[in-house]
Structures are given as structure tokens and as C-alpha cells.
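What's in structure_26.txt: compact mmCIF, C-alpha atoms (C1' of nucleotides)
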# COMPACT_ATOMS: atom_id res chain seq x y z
CA MET A 1 250.94 89.10 27.69
CA PHE A 2 254.44 90.28 28.51
CA GLU A 3 253.47 93.57 30.12
CA LEU A 4 253.53 92.29 33.68
CA LEU A 5 256.82 90.48 33.15
CA PHE A 6 258.57 93.57 31.83
CA GLU A 7 257.01 95.73 34.47
CA ARG A 8 258.68 93.54 37.05
CA LEU A 9 261.94 93.13 35.18
CA GLU A 10 262.30 96.85 34.61
CA SER A 11 261.57 97.78 38.17
CA GLN A 12 265.13 96.53 38.66
CA VAL A 13 266.97 96.73 35.37
CA LYS A 14 266.24 98.62 32.15
CA PHE A 15 266.33 96.88 28.78
CA SER A 16 266.43 98.20 25.22
CA GLU A 17 263.64 97.47 22.76
CA GLU A 18 265.88 94.95 21.04
CA GLU A 19 266.74 93.20 24.27
CA ARG A 20 263.07 92.91 25.12
CA LYS A 21 262.45 91.09 21.88
CA ILE A 22 265.23 88.66 22.63
CA ILE A 23 263.95 88.08 26.15
CA GLN A 24 260.41 87.46 24.88
CA SER A 25 261.68 84.88 22.44
CA TYR A 26 263.00 82.75 25.28
CA PHE A 27 259.71 82.48 27.14
CA LYS A 28 256.82 80.22 26.31
CA SER A 29 253.31 80.52 27.65
CA LYS A 30 250.97 77.96 29.09
CA LYS A 31 247.50 77.92 30.62
CA LEU A 32 246.62 75.63 33.49
CA LYS A 33 243.31 74.95 35.20
CA ARG A 34 242.56 74.54 38.88
CA LYS A 35 243.85 71.26 40.31
CA GLN A 36 246.36 70.74 37.52
CA PHE A 37 250.00 70.36 38.39
CA PHE A 38 252.81 72.58 37.22
CA LEU A 39 255.23 70.15 38.84
CA GLN A 40 254.87 66.79 40.54
CA GLU A 41 257.04 65.10 43.08
CA GLY A 42 259.71 63.00 41.40
CA GLU A 43 259.89 65.11 38.26
CA ILE A 44 262.81 67.39 37.52
CA CYS A 45 261.86 71.03 37.57
CA ASN A 46 263.05 72.23 34.17
CA CYS A 47 261.51 75.67 34.13
CA LEU A 48 260.92 78.79 36.10
CA ALA A 49 257.37 80.05 35.84
CA PHE A 50 256.27 83.65 35.98
CA ILE A 51 252.62 84.02 36.94
CA ILE A 52 250.62 86.32 34.68
CA LYS A 53 247.23 85.45 36.09
CA GLY A 54 245.78 83.12 38.70
CA SER A 55 247.49 81.45 41.63
CA LEU A 56 249.41 78.32 42.56
CA TYR A 57 250.96 76.79 45.64
CA SER A 58 253.82 74.46 46.28
CA TYR A 59 253.85 71.80 48.95
CA SER A 60 255.73 68.77 50.14
CA ILE A 61 254.36 65.57 51.61
CA ASP A 62 256.11 64.22 54.68
CA SER A 63 256.63 60.61 55.73
CA LYS A 64 253.26 60.54 57.50
CA GLY A 65 251.44 61.72 54.42
CA THR A 66 250.83 65.25 55.71
CA GLU A 67 250.99 68.10 53.24
CA HIS A 68 253.10 71.14 54.08
CA VAL A 69 252.52 74.28 52.05
CA ILE A 70 255.85 75.89 51.22
CA GLN A 71 254.85 78.83 49.12
CA PHE A 72 251.98 80.56 47.41
CA GLY A 73 252.31 82.22 44.03
CA LEU A 74 250.15 85.08 42.79
CA GLU A 75 250.33 87.32 39.73
CA GLY A 76 253.74 88.86 39.24
CA TRP A 77 255.55 86.19 41.24
CA TRP A 78 257.86 83.46 40.12
CA ILE A 79 257.33 79.90 41.14
CA ALA A 80 259.41 76.74 40.78
CA ASP A 81 261.35 74.26 42.83
CA LEU A 82 264.67 76.05 42.68
CA TYR A 83 266.52 73.21 44.30
CA SER A 84 265.51 70.78 41.60
CA PHE A 85 265.91 73.45 38.91
CA PHE A 86 269.57 74.07 39.73
CA THR A 87 270.68 70.61 40.75
CA LYS A 88 268.57 68.70 38.19
CA GLU A 89 267.63 66.27 40.90
CA PRO A 90 264.05 65.00 41.14
CA SER A 91 261.82 67.39 43.01
CA THR A 92 260.32 66.67 46.40
CA LEU A 93 257.65 69.29 45.85
CA ASN A 94 254.34 69.50 44.12
CA ILE A 95 253.19 72.72 42.53
CA GLU A 96 249.47 72.79 42.02
CA VAL A 97 247.11 75.33 40.49
CA LEU A 98 244.69 77.03 42.85
CA GLU A 99 242.98 79.43 40.46
CA ASP A 100 243.11 78.99 36.67
CA CYS A 101 246.49 80.24 35.55
CA GLU A 102 248.36 81.89 32.76
CA LEU A 103 252.07 81.33 33.00
CA LEU A 104 255.18 82.38 31.17
CA PHE A 105 257.98 79.91 31.61
CA ILE A 106 261.61 79.66 30.68
CA GLU A 107 263.65 76.49 30.52
CA LYS A 108 266.97 76.07 32.26
CA ILE A 109 269.03 75.86 29.06
CA ASN A 110 267.37 78.95 27.69
CA GLN A 111 267.84 80.80 30.92
CA ASP A 112 271.57 80.11 30.85
CA GLU A 113 271.78 81.19 27.24
CA LEU A 114 269.76 84.31 27.88
CA MET A 115 272.02 85.36 30.73
CA LYS A 116 275.03 85.00 28.47
CA LYS A 117 273.41 87.01 25.72
CA ILE A 118 272.08 89.75 27.98
CA PRO A 119 274.39 90.03 30.95
CA HIS A 120 272.30 92.43 32.96
CA PHE A 121 269.51 89.90 32.92
CA GLU A 122 271.66 88.13 35.46
CA GLY A 123 271.52 91.31 37.50
CA TYR A 124 267.77 91.06 37.57
CA TYR A 125 267.93 87.53 38.87
CA ARG A 126 270.42 88.53 41.53
CA VAL A 127 268.04 91.14 42.84
CA LEU A 128 265.13 88.74 42.54
CA TYR A 129 266.85 86.14 44.66
CA GLN A 130 267.96 88.72 47.14
CA ASN A 131 264.41 89.80 47.66
CA ALA A 132 263.12 86.27 47.74
CA TYR A 133 265.71 85.47 50.39
CA ILE A 134 264.75 88.46 52.49
CA ALA A 135 261.08 87.53 52.22
CA LEU A 136 261.78 84.00 53.38
CA GLN A 137 263.80 85.27 56.29
CA LYS A 138 260.90 87.46 57.28
CA ARG A 139 258.65 84.47 57.09
CA ILE A 140 260.88 82.53 59.42
CA GLY A 141 260.94 85.44 61.83
CA GLY A 142 257.16 85.58 61.64
CA THR A 143 256.52 81.93 62.36
CA ILE A 144 259.26 80.02 64.12
CA GLY A 145 258.97 80.23 67.86
CA LEU A 146 255.65 82.03 67.88
CA SER A 147 252.22 80.86 69.03
CA ALA A 148 249.60 79.98 66.44
CA GLU A 149 247.84 83.24 67.19
CA GLU A 150 250.95 85.34 66.65
CA LYS A 151 251.79 83.57 63.41
CA TYR A 152 248.37 84.33 62.06
CA ALA A 153 248.56 87.95 63.14
CA ASN A 154 251.85 88.28 61.30
CA LEU A 155 250.41 86.77 58.18
CA ILE A 156 247.52 89.21 58.16
CA GLU A 157 249.93 92.10 58.49
CA GLN A 158 252.04 91.02 55.56
CA TYR A 159 249.87 89.16 53.09
CA THR A 160 246.24 90.13 53.53
CA PRO A 161 245.48 89.52 49.83
CA LEU A 162 246.22 85.84 50.30
CA LEU A 163 243.47 85.38 52.86
CA ASN A 164 240.68 86.13 50.44
CA ARG A 165 241.92 83.85 47.71
CA VAL A 166 243.33 80.84 49.48
CA PRO A 167 241.33 78.18 51.36
CA GLN A 168 241.88 78.28 55.09
CA HIS A 169 243.26 74.80 55.42
CA LEU A 170 246.11 75.77 53.10
CA ILE A 171 246.81 78.89 55.13
CA ALA A 172 246.89 76.68 58.21
CA SER A 173 249.36 74.35 56.56
CA TYR A 174 251.49 77.30 55.49
CA LEU A 175 251.62 78.48 59.10
CA GLY A 176 252.32 74.98 60.37
CA ILE A 177 249.12 74.62 62.39
CA THR A 178 245.99 72.52 61.93
CA PRO A 179 242.87 73.86 60.21
CA GLU A 180 240.96 73.41 63.45
CA THR A 181 243.37 75.59 65.38
CA LEU A 182 243.19 78.27 62.73
CA SER A 183 239.42 78.20 62.78
CA ARG A 184 239.41 78.68 66.56
CA ILE A 185 241.88 81.54 66.39
CA ARG A 186 239.73 83.33 63.86
CA LYS A 187 236.67 82.84 66.02
CA GLN A 188 238.45 84.31 69.04
CA ALA A 189 239.72 87.26 67.02
CA ALA A 190 236.21 87.94 65.69
CA GLU A 191 234.70 87.85 69.18
CA GLN A 192 237.06 90.51 70.38
CA HIS A 193 235.54 93.07 67.99
CA MET B 1 293.76 85.72 54.60
CA PHE B 2 291.91 85.71 51.28
CA GLU B 3 292.35 82.01 50.51
CA LEU B 4 288.99 80.93 51.88
CA LEU B 5 287.17 83.78 50.18
CA PHE B 6 288.62 82.96 46.77
CA GLU B 7 288.08 79.28 47.29
CA ARG B 8 284.38 80.02 47.72
CA LEU B 9 284.19 82.61 44.97
CA GLU B 10 285.91 80.38 42.48
CA SER B 11 283.79 77.37 43.22
CA GLN B 12 281.24 79.34 41.19
CA VAL B 13 283.08 81.78 38.95
CA LYS B 14 286.72 81.98 37.84
CA PHE B 15 288.69 85.21 38.11
CA SER B 16 291.97 86.33 36.58
CA GLU B 17 294.96 87.24 38.75
CA GLU B 18 294.30 90.88 38.05
CA GLU B 19 290.66 90.64 38.98
CA ARG B 20 291.60 88.98 42.23
CA LYS B 21 293.73 91.92 43.14
CA ILE B 22 290.90 94.32 42.44
CA ILE B 23 288.49 92.23 44.49
CA GLN B 24 290.91 92.08 47.40
CA SER B 25 291.26 95.84 47.39
CA TYR B 26 287.54 96.24 48.10
CA PHE B 27 287.52 94.14 51.22
CA LYS B 28 288.65 95.19 54.67
CA SER B 29 289.33 92.88 57.56
CA LYS B 30 288.28 93.01 61.17
CA LYS B 31 288.68 90.87 64.27
CA LEU B 32 285.91 90.53 66.83
CA LYS B 33 285.84 88.79 70.20
CA ARG B 34 283.12 86.68 71.77
CA LYS B 35 280.10 88.75 72.86
CA GLN B 36 280.96 91.67 70.62
CA PHE B 37 278.40 92.81 68.09
CA PHE B 38 278.89 92.93 64.36
CA LEU B 39 275.53 94.69 64.13
CA GLN B 40 273.04 95.99 66.65
CA GLU B 41 269.34 96.58 66.37
CA GLY B 42 268.63 100.07 65.11
CA GLU B 43 271.86 100.43 63.14
CA ILE B 44 271.95 100.32 59.39
CA CYS B 45 273.78 97.28 58.08
CA ASN B 46 276.38 98.80 55.77
CA CYS B 47 278.48 95.77 55.04
CA LEU B 48 278.38 92.13 54.13
CA ALA B 49 280.74 90.03 56.19
CA PHE B 50 282.54 86.92 55.05
CA ILE B 51 283.62 84.72 57.93
CA ILE B 52 287.24 83.59 57.80
CA LYS B 53 287.37 82.14 61.27
CA GLY B 54 285.07 81.79 64.25
CA SER B 55 281.29 81.96 64.41
CA LEU B 56 278.45 84.41 64.85
CA TYR B 57 274.70 84.35 65.06
CA SER B 58 271.93 86.75 64.22
CA TYR B 59 268.76 87.14 66.24
CA SER B 60 265.76 89.36 66.69
CA ILE B 61 264.00 90.31 69.89
CA ASP B 62 260.21 90.20 69.86
CA SER B 63 257.73 92.39 71.70
CA LYS B 64 257.88 90.16 74.78
CA GLY B 65 261.64 90.39 74.96
CA THR B 66 262.27 86.86 73.69
CA GLU B 67 265.27 86.27 71.45
CA HIS B 68 264.79 84.39 68.19
CA VAL B 69 267.89 83.07 66.48
CA ILE B 70 267.59 83.63 62.75
CA GLN B 71 270.88 82.33 61.45
CA PHE B 72 274.25 80.97 62.46
CA GLY B 73 277.43 81.84 60.59
CA LEU B 74 280.52 79.66 60.44
CA GLU B 75 283.77 79.85 58.43
CA GLY B 76 283.14 80.29 54.75
CA TRP B 77 279.67 81.77 55.22
CA TRP B 78 278.43 85.27 54.69
CA ILE B 79 276.49 87.07 57.33
CA ALA B 80 274.57 90.36 57.41
CA ASP B 81 271.07 91.71 57.66
CA LEU B 82 270.32 91.76 53.97
CA TYR B 83 267.09 93.59 54.43
CA SER B 84 268.78 96.52 56.09
CA PHE B 85 271.74 96.27 53.73
CA PHE B 86 269.63 96.73 50.62
CA THR B 87 266.96 99.09 51.89
CA LYS B 88 269.24 101.13 54.14
CA GLU B 89 266.59 101.01 56.81
CA PRO B 90 267.59 100.41 60.44
CA SER B 91 268.06 96.77 61.23
CA THR B 92 265.78 94.78 63.49
CA LEU B 93 268.47 92.19 64.02
CA ASN B 94 271.49 91.79 66.23
CA ILE B 95 274.53 89.94 64.99
CA GLU B 96 276.73 88.77 67.82
CA VAL B 97 280.02 86.92 67.97
CA LEU B 98 279.92 83.42 69.39
CA GLU B 99 283.56 82.40 68.94
CA ASP B 100 286.33 84.92 68.35
CA CYS B 101 286.14 85.95 64.73
CA GLU B 102 288.12 87.06 61.75
CA LEU B 103 285.97 88.73 59.16
CA LEU B 104 286.38 90.20 55.70
CA PHE B 105 283.77 92.79 54.96
CA ILE B 106 282.71 94.87 52.01
CA GLU B 107 280.65 98.04 52.17
CA LYS B 108 277.55 98.59 50.08
CA ILE B 109 279.05 101.35 47.93
CA ASN B 110 282.10 99.27 47.23
CA GLN B 111 280.04 96.26 46.44
CA ASP B 112 278.08 98.19 43.84
CA GLU B 113 281.27 99.54 42.34
CA LEU B 114 282.92 96.14 42.32
CA MET B 115 280.00 94.60 40.49
CA LYS B 116 280.24 97.27 37.83
CA LYS B 117 283.96 96.77 37.44
CA ILE B 118 283.85 92.98 37.39
CA PRO B 119 280.49 91.93 35.99
CA HIS B 120 280.82 88.25 36.70
CA PHE B 121 281.16 89.10 40.35
CA GLU B 122 277.47 89.73 40.15
CA GLY B 123 277.11 86.21 38.82
CA TYR B 124 278.73 84.93 41.95
CA TYR B 125 276.23 86.78 44.11
CA ARG B 126 273.36 85.50 42.07
CA VAL B 127 274.43 81.93 42.72
CA LEU B 128 275.11 82.75 46.37
CA TYR B 129 271.60 84.05 46.89
CA GLN B 130 270.10 81.18 44.99
CA ASN B 131 271.76 78.75 47.31
CA ALA B 132 270.93 80.77 50.38
CA TYR B 133 267.32 80.83 49.28
CA ILE B 134 267.23 77.10 48.75
CA ALA B 135 268.79 76.55 52.15
CA LEU B 136 266.20 78.72 53.85
CA GLN B 137 263.42 76.90 52.08
CA LYS B 138 264.81 73.64 53.35
CA ARG B 139 264.90 75.07 56.81
CA ILE B 140 261.25 76.00 56.60
CA GLY B 141 260.42 72.53 55.34
CA GLY B 142 262.39 71.08 58.24
CA THR B 143 260.70 73.07 60.98
CA ILE B 144 257.25 74.45 60.24
CA GLY B 145 254.52 72.01 61.06
CA LEU B 146 256.79 69.47 62.70
CA SER B 147 257.06 68.40 66.33
CA ALA B 148 260.01 69.57 68.41
CA GLU B 149 261.50 66.10 68.14
CA GLU B 150 261.26 66.04 64.36
CA LYS B 151 262.75 69.50 64.05
CA TYR B 152 265.73 68.45 66.09
CA ALA B 153 266.17 65.26 64.09
CA ASN B 154 266.21 67.32 60.90
CA LEU B 155 268.80 69.67 62.31
CA ILE B 156 271.11 66.81 63.24
CA GLU B 157 270.85 65.41 59.74
CA GLN B 158 271.77 68.66 58.08
CA TYR B 159 274.04 70.63 60.38
CA THR B 160 275.76 68.32 62.82
CA PRO B 161 278.82 70.62 63.03
CA LEU B 162 276.68 73.30 64.62
CA LEU B 163 275.76 71.13 67.57
CA ASN B 164 279.28 70.93 68.89
CA ARG B 165 280.00 74.62 68.69
CA VAL B 166 276.78 76.33 69.61
CA PRO B 167 275.19 76.43 73.08
CA GLN B 168 272.02 74.42 73.32
CA HIS B 169 269.74 77.26 74.25
CA LEU B 170 270.62 78.98 70.98
CA ILE B 171 269.89 75.81 69.04
CA ALA B 172 266.55 75.67 70.82
CA SER B 173 265.80 79.25 69.86
CA TYR B 174 266.80 78.51 66.27
CA LEU B 175 264.32 75.64 66.20
CA GLY B 176 261.63 77.69 67.87
CA ILE B 177 261.36 75.63 71.02
CA THR B 178 262.36 76.26 74.64
CA PRO B 179 265.72 75.09 76.01
CA GLU B 180 263.86 72.86 78.45
CA THR B 181 262.06 71.06 75.66
CA LEU B 182 265.30 70.55 73.78
CA SER B 183 266.97 69.17 76.86
CA ARG B 184 264.18 66.65 77.36
CA ILE B 185 264.27 65.59 73.72
CA ARG B 186 267.99 64.93 73.95
CA LYS B 187 267.51 62.91 77.09
CA GLN B 188 264.87 60.77 75.43
CA ALA B 189 267.03 60.26 72.37
CA ALA B 190 269.98 59.24 74.56
CA GLU B 191 267.90 56.74 76.49
CA GLN B 192 266.93 54.96 73.34
CA HIS B 193 270.54 53.92 72.66
C1' DC C 1 286.41 81.16 95.71
C1' DG C 2 282.24 83.17 94.63
C1' DT C 3 279.72 84.36 90.40
C1' DT C 4 278.00 83.58 86.16
C1' DT C 5 276.31 80.80 82.49
C1' DG C 6 274.22 76.94 80.67
C1' DC C 7 271.96 72.53 81.26
C1' DT C 8 268.76 69.49 83.60
C1' DT C 9 264.54 68.12 86.16
C1' DG C 10 259.92 68.33 88.13
C1' DA C 11 255.15 69.87 88.58
C1' DA C 12 251.49 72.65 87.10
C1' DT C 13 249.38 74.95 83.31
C1' DT C 14 248.34 76.23 78.73
C1' DC C 15 248.23 75.33 74.06
C1' DT C 16 247.69 72.54 70.15
C1' DG C 17 246.60 68.35 67.83
C1' DT C 18 243.48 64.44 67.14
C1' DC C 19 239.24 62.35 66.25
C1' DA C 20 234.54 62.50 65.23
C1' DA C 21 230.48 64.82 63.90
C1' DA C 22 227.80 68.27 61.99
C1' DG C 23 226.92 72.42 59.19
C1' DC C 24 227.37 74.96 54.94
C1' DA C 25 228.23 76.41 50.57
C1' DG C 26 228.88 75.48 45.41
C1' DG C 27 228.52 72.37 41.63
C1' DT C 28 226.50 68.44 39.18
C1' DG C 29 223.36 65.53 37.24
C1' DG C 30 218.80 63.85 37.18
C1' DC D 1 214.54 73.19 40.15
C1' DC D 2 215.71 70.06 43.55
C1' DA D 3 218.46 66.35 45.68
C1' DC D 4 222.82 64.84 46.24
C1' DC D 5 227.60 65.07 46.38
C1' DT D 6 231.89 66.92 47.68
C1' DG D 7 235.10 69.98 49.65
C1' DC D 8 235.80 73.19 53.33
C1' DT D 9 234.90 75.08 57.82
C1' DT D 10 233.27 74.87 62.44
C1' DT D 11 232.60 72.71 67.02
C1' DG D 12 233.25 69.75 70.98
C1' DA D 13 235.64 66.49 73.96
C1' DC D 14 239.82 64.59 74.99
C1' DA D 15 244.74 63.32 74.92
C1' DG D 16 249.23 64.65 74.30
C1' DA D 17 252.83 68.09 73.62
C1' DA D 18 255.22 72.11 74.82
C1' DT D 19 255.69 76.16 77.84
C1' DT D 20 256.24 78.22 82.26
C1' DC D 21 258.08 78.66 86.67
C1' DA D 22 261.15 77.13 90.10
C1' DA D 23 264.95 74.83 91.82
C1' DG D 24 269.33 72.43 91.63
C1' DC D 25 273.79 71.29 89.60
C1' DA D 26 278.13 71.49 86.98
C1' DA D 27 281.56 73.71 84.40
C1' DA D 28 283.84 77.97 83.16
C1' DC D 29 285.71 82.48 84.56
C1' DG D 30 287.56 86.30 86.69

Could I get this structure in the form of C-alpha cells?
Amino acid sequence: MFELLFERLESQVKFSEEERKIIQSYFKSKKLKRKQFFLQEGEICNCLAFIIKGSLYSYSIDSKGTEHVIQFGLEGWWIADLYSFFTKEPSTLNIEVLEDCELLFIEKINQDELMKKIPHFEGYYRVLYQNAYIALQKRIGGTIGLSAEEKYANLIEQYTPLLNRVPQHLIASYLGITPETLSRIRKQAAEQH
Amino acid sequence: MFELLFERLESQVKFSEEERKIIQSYFKSKKLKRKQFFLQEGEICNCLAFIIKGSLYSYSIDSKGTEHVIQFGLEGWWIADLYSFFTKEPSTLNIEVLEDCELLFIEKINQDELMKKIPHFEGYYRVLYQNAYIALQKRIGGTIGLSAEEKYANLIEQYTPLLNRVPQHLIASYLGITPETLSRIRKQAAEQH
DNA sequence: CGTTTGCTTGAATTCTGTCAAAGCAGGTGG
DNA sequence: CCACCTGCTTTGACAGAATTCAAGCAAACG
């Protein structure tokens, strides 16, 4: 249950056996089925979730009612609305289950306590956010200002695993194009080989 | 010289007088003039810069030779290519001075040492990256999948100060549209009032 | 004063979105 | 086991949006 979590934690920071026990005690687990929500718009995001199994995605809904996919989450990734988590303001995001999930989650209060108790846990989070930031910056570089075709090419390069597990219309939304455009791009690409 | 830095540091974490002295000793200062580079493509980004005065912007150049603005930096902000900074791989970004600058910078080795010496300095970075991450996510939400007009409207809402200090063609690049399109949008908007 | 830099404008072209329809699984219940 | 949904993808025709290319203009600069 905790193997994957510690594998990820310890790729950055080492913990003693005792510390691991403490860390474990702060996490709870939860299973969610396809179409269920981990978070709904208007709620306050009280926990960070670590994905053990399955997949989720977060999205916002704009004033015209269009969904915009913000992020996908697969095994080994964290997912949450960080903005709501830190500010305690109601979330503008929805986080929905794509494939039946097993999650470990930690509540804000417990996270704060845990960081006090085990200071280098904070170090892990620092690195985590650093990497998350870098990844987002890459995403921006790989989408903003590019044609639909280029965006898709970039996505293939970086996140091929996604393509097999995520419906195309969500990929399209993630790239900021319509499902129709994505379908046509794929057709073109296929014809060229 | 260090007032602004400590103001920002201490909005998150408090330091003792002694700690402040130590922190100061790890930073060096540098002045740069308009058009100079803080970092050029191909170099390894060895330092994080904190902007005391002036402004900079970072951009990448794609295979067609088009510039894409990734980030602007104003007083009180940090700027660097984090990817290169942490991996020590050559940067794909350029960071150029827009308005004559005064910077405080810290080298990677010193940063690591400083975090060991003053553990809650790491806490500051954690919060910094959290916020940076949230800001980037907002940026994605405010650009991907929206029309040029909507993107610009979002930018005005969030970063009005930028508009007065940054040339329009850089704003356009930041939004992922052409300068011509931006010009036309502004004209339209002006006509409506 | 001439040069550079940035902004605007217009016309033609290309790309992308919209709308509507049809095809194609996979899943469900009869 | 088949018929029927339902959700997702594909296709086509068209309208609208954004880019490209070219030219002109104004302010800033050496």
C-alpha cells in the first residue's frame, strides 16, 4: 500500500524506519470508482492525494460552460487543487476519477503537523513543487503559441502513456483545441506513414 | 539593498538577526543594463536571481526561430531557469534585461549550504515554489483554450502593472498570439468605450 | 538627422471552431 | 443472444478567427 509512496519520497529524501511509521500514520486511504469526484467546484480542498492506482483529471468550467482540463494524474503522482488547499478558499476545479482509483491522502492540518515533526519531509515537498513547477513551465512552452499540430506532437514526445489511457476529447481539452481538430490532426499524421 | 529580499522572505518565515547576517553573506549583487543577458541559451543556469529593481523576461526560441516569452520578472520576484538550475543541463532559455536591473543572486552550491545551515530557509523555498506553481496553473487556465481576446482580458485582470512596462509584442508572445492580433484586439476594446 | 524599434492597418490565406450527422464500440437489460 | 442505449470519435461543410506578408507611421536614440 505504501510502497509506491515511499519509493517516491525516498527518491528525494531518506527516512528512518521510525519516521516511516510516523509518516504512514498521517495518511488515510480511499478507493474511488470511475466518474466519482475527489473534489467538486465550490468545496474546499482539504487534502493532498497521492495516486496509488488508477487515474484522475482536474478541470475547470468557464463562463460558457466549456470544460478545460488542467491536469491528469496517474500512479505515483499527487493531485489536488493547491490553490484551494493553501488558501482554504472554495475550489474552482473539479477532480474526477477516470479509472478506478486507490488513493492515499493527507489533510492540511496533518501535513502541517507532519512537517513540524519530521523537518526533512518539508524538503521532500520543496523538491516536489520544484519539479511540478518545472513540468508546468515545460507544458506552457509546449502549448502556448504553437499550432494544434505542434502541441500534439509535443504531447506525444513527453507523455505517450497518457494517450492510451485517456479519452481523446480530454486530451483535446488539455491541449486547448476541439476534439474535431485533434481527430483531424491524428488522421493527417497517420496518412503520412 | 537587502530590505526587499527580507521583506519577502519574512512574509513567510521569520529569521533572527544572526540568521539574516548569514543569509546576506550568501548573496552577491549585480547590476545589468537593458538588452544584457542574465542567461543565454546553452549556458548552465548556476544562480537564482532576486530582482531588487528593474525587470527582465525569459524566452525560448523554437525551431522556426520564433521567440516565446515564458515569464516576466519584476521587483520582488525571482527569476532563473529552474530546470537548468536543478539538473545542471544547458538551458534552453534566454533571460534578458528589459529595464536596467539590480539583482541579488545566489549560486546553487551556496543555496544548498544555506539550506543546511538554516533549515527553515528551505521552508521559505517550499512556499515560494508552491505559490509559483499555483500562479503558473492560473496562467494555463487563463490562456489555453481561450480566444485571443479572452486571454488578453485575463491578463489585464491579473497583471495590469505589466502592461505599462512591457512592450506589446512581448505581451503578445507571452499570450501566444501575434503582435498584430494583439493590436487589433486593443483597438476593438478601445472603440467600445 | 537618419536609423532603429515598436505599433498599426489592410488584404489574402490558412487554420481552427462550430454545427450537424453518422459510425462505432462497449455495456445493459430484455 | 440480440437490440438498444450511450459515450466517443470521425467526417463534411461552412463561418469566423488568427496568422502572414507588406506597407506606413510615430517615437526614441545615437

Notebook entry, point to check: Distance atom CA of Tyr174 of chain B-atom CA of Lys53 of chain B, one decimal place?
Noted result: 21.5 Å

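Every polymer residue reaching to within 6 Å of (260.8, 71.8, 38.7), counting only C-alpha atoms (C1' of nucleotides), appears in this list: Leu39, Ile44, Cys45, Asn46, Ala80, Asp81, Ser84 and Phe85 of chain A.
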
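Once Ala189 of chain A and its same-chain neighbours fewer than 4 positions away are set aside, Glu149, Glu150, Tyr152, Ala153, Ile156, Leu182, Ser183, Arg184, Ile185 and His193 of chain A remain within 12 Å of it when counting all atoms listed in the file.
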
Determine, using only C-alpha atoms (C1' of nucleotides), which residues of chain A have any atom at most 10 Å from an atom of chain C, and tabulate each with its shortest atom pair and distance in Å to one decimal place, rows ordered by chain and then rising number, as CSV.
residue,atom,partner,partner_atom,distance
A:Ser147,CA,C:DC15,C1',8.5
A:Ala148,CA,C:DT16,C1',8.5
A:Ile177,CA,C:DT16,C1',8.2
A:Thr178,CA,C:DG17,C1',7.3
A:Glu180,CA,C:DG17,C1',8.8
A:Thr181,CA,C:DT16,C1',7.1

Margin query: When you look at segment 95-106 of chain A with a cut-off of 10 Å (counting only C-alpha atoms (C1' of nucleotides)), what residues show up, excluding the ones that are within fewer than 2 positions of it in the same chain? I need them as number ranges by chain.
Written below: A: 1-2, 5, 23-41, 46-60, 69-76, 78-81, 93, 108-112, 114, 165-167

Produce a table with one row for each residue of chain A that has an atom at most 6 Å from any atom of chain B, each row naming the nearest atom pair and its distance in Å at one decimal; use all atoms listed in the file; arrange rows by chain and rising residue number; format as a Markdown table.
| residue | atom | partner | partner_atom | distance |
| --- | --- | --- | --- | --- |
| A:Tyr83 | CA | B:Ile134 | CA | 6.0 |
| A:Arg126 | CA | B:Arg126 | CA | 4.3 |
| A:Tyr129 | CA | B:Tyr129 | CA | 5.6 |
| A:Gln130 | CA | B:Tyr129 | CA | 5.9 |
| A:Tyr133 | CA | B:Tyr133 | CA | 5.0 |
| A:Ile134 | CA | B:Tyr83 | CA | 6.0 |
| A:Ile144 | CA | B:Gly176 | CA | 5.0 |
| A:Gly145 | CA | B:Gly176 | CA | 3.7 |
| A:Gly176 | CA | B:Gly145 | CA | 3.8 |

Give me a file of those residues, with C-alpha atoms, as an mmCIF file, in the coordinates of the input.
data_model
loop_
_atom_site.group_PDB
_atom_site.id
_atom_site.type_symbol
_atom_site.label_atom_id
_atom_site.label_comp_id
_atom_site.auth_asym_id
_atom_site.auth_seq_id
_atom_site.Cartn_x
_atom_site.Cartn_y
_atom_site.Cartn_z
ATOM 1 C CA TYR A 83 266.520 73.210 44.300
ATOM 2 C CA ARG A 126 270.420 88.530 41.530
ATOM 3 C CA TYR A 129 266.850 86.140 44.660
ATOM 4 C CA GLN A 130 267.960 88.720 47.140
ATOM 5 C CA TYR A 133 265.710 85.470 50.390
ATOM 6 C CA ILE A 134 264.750 88.460 52.490
ATOM 7 C CA ILE A 144 259.260 80.020 64.120
ATOM 8 C CA GLY A 145 258.970 80.230 67.860
ATOM 9 C CA GLY A 176 252.320 74.980 60.370
#

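If you take all atoms listed in the file and a cut-off of 9 Å, the residues of chain D that reach chain A are DC8, DT9 and DT10 of chain D.
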
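Atom CA of Lys21 of chain B is positioned 12.3 Å from atom CA of Lys117 of chain B.
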
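Straight-line separation from atom CA of Lys151 of chain B to atom CA of Ile171 of chain B: 10.8 Å.
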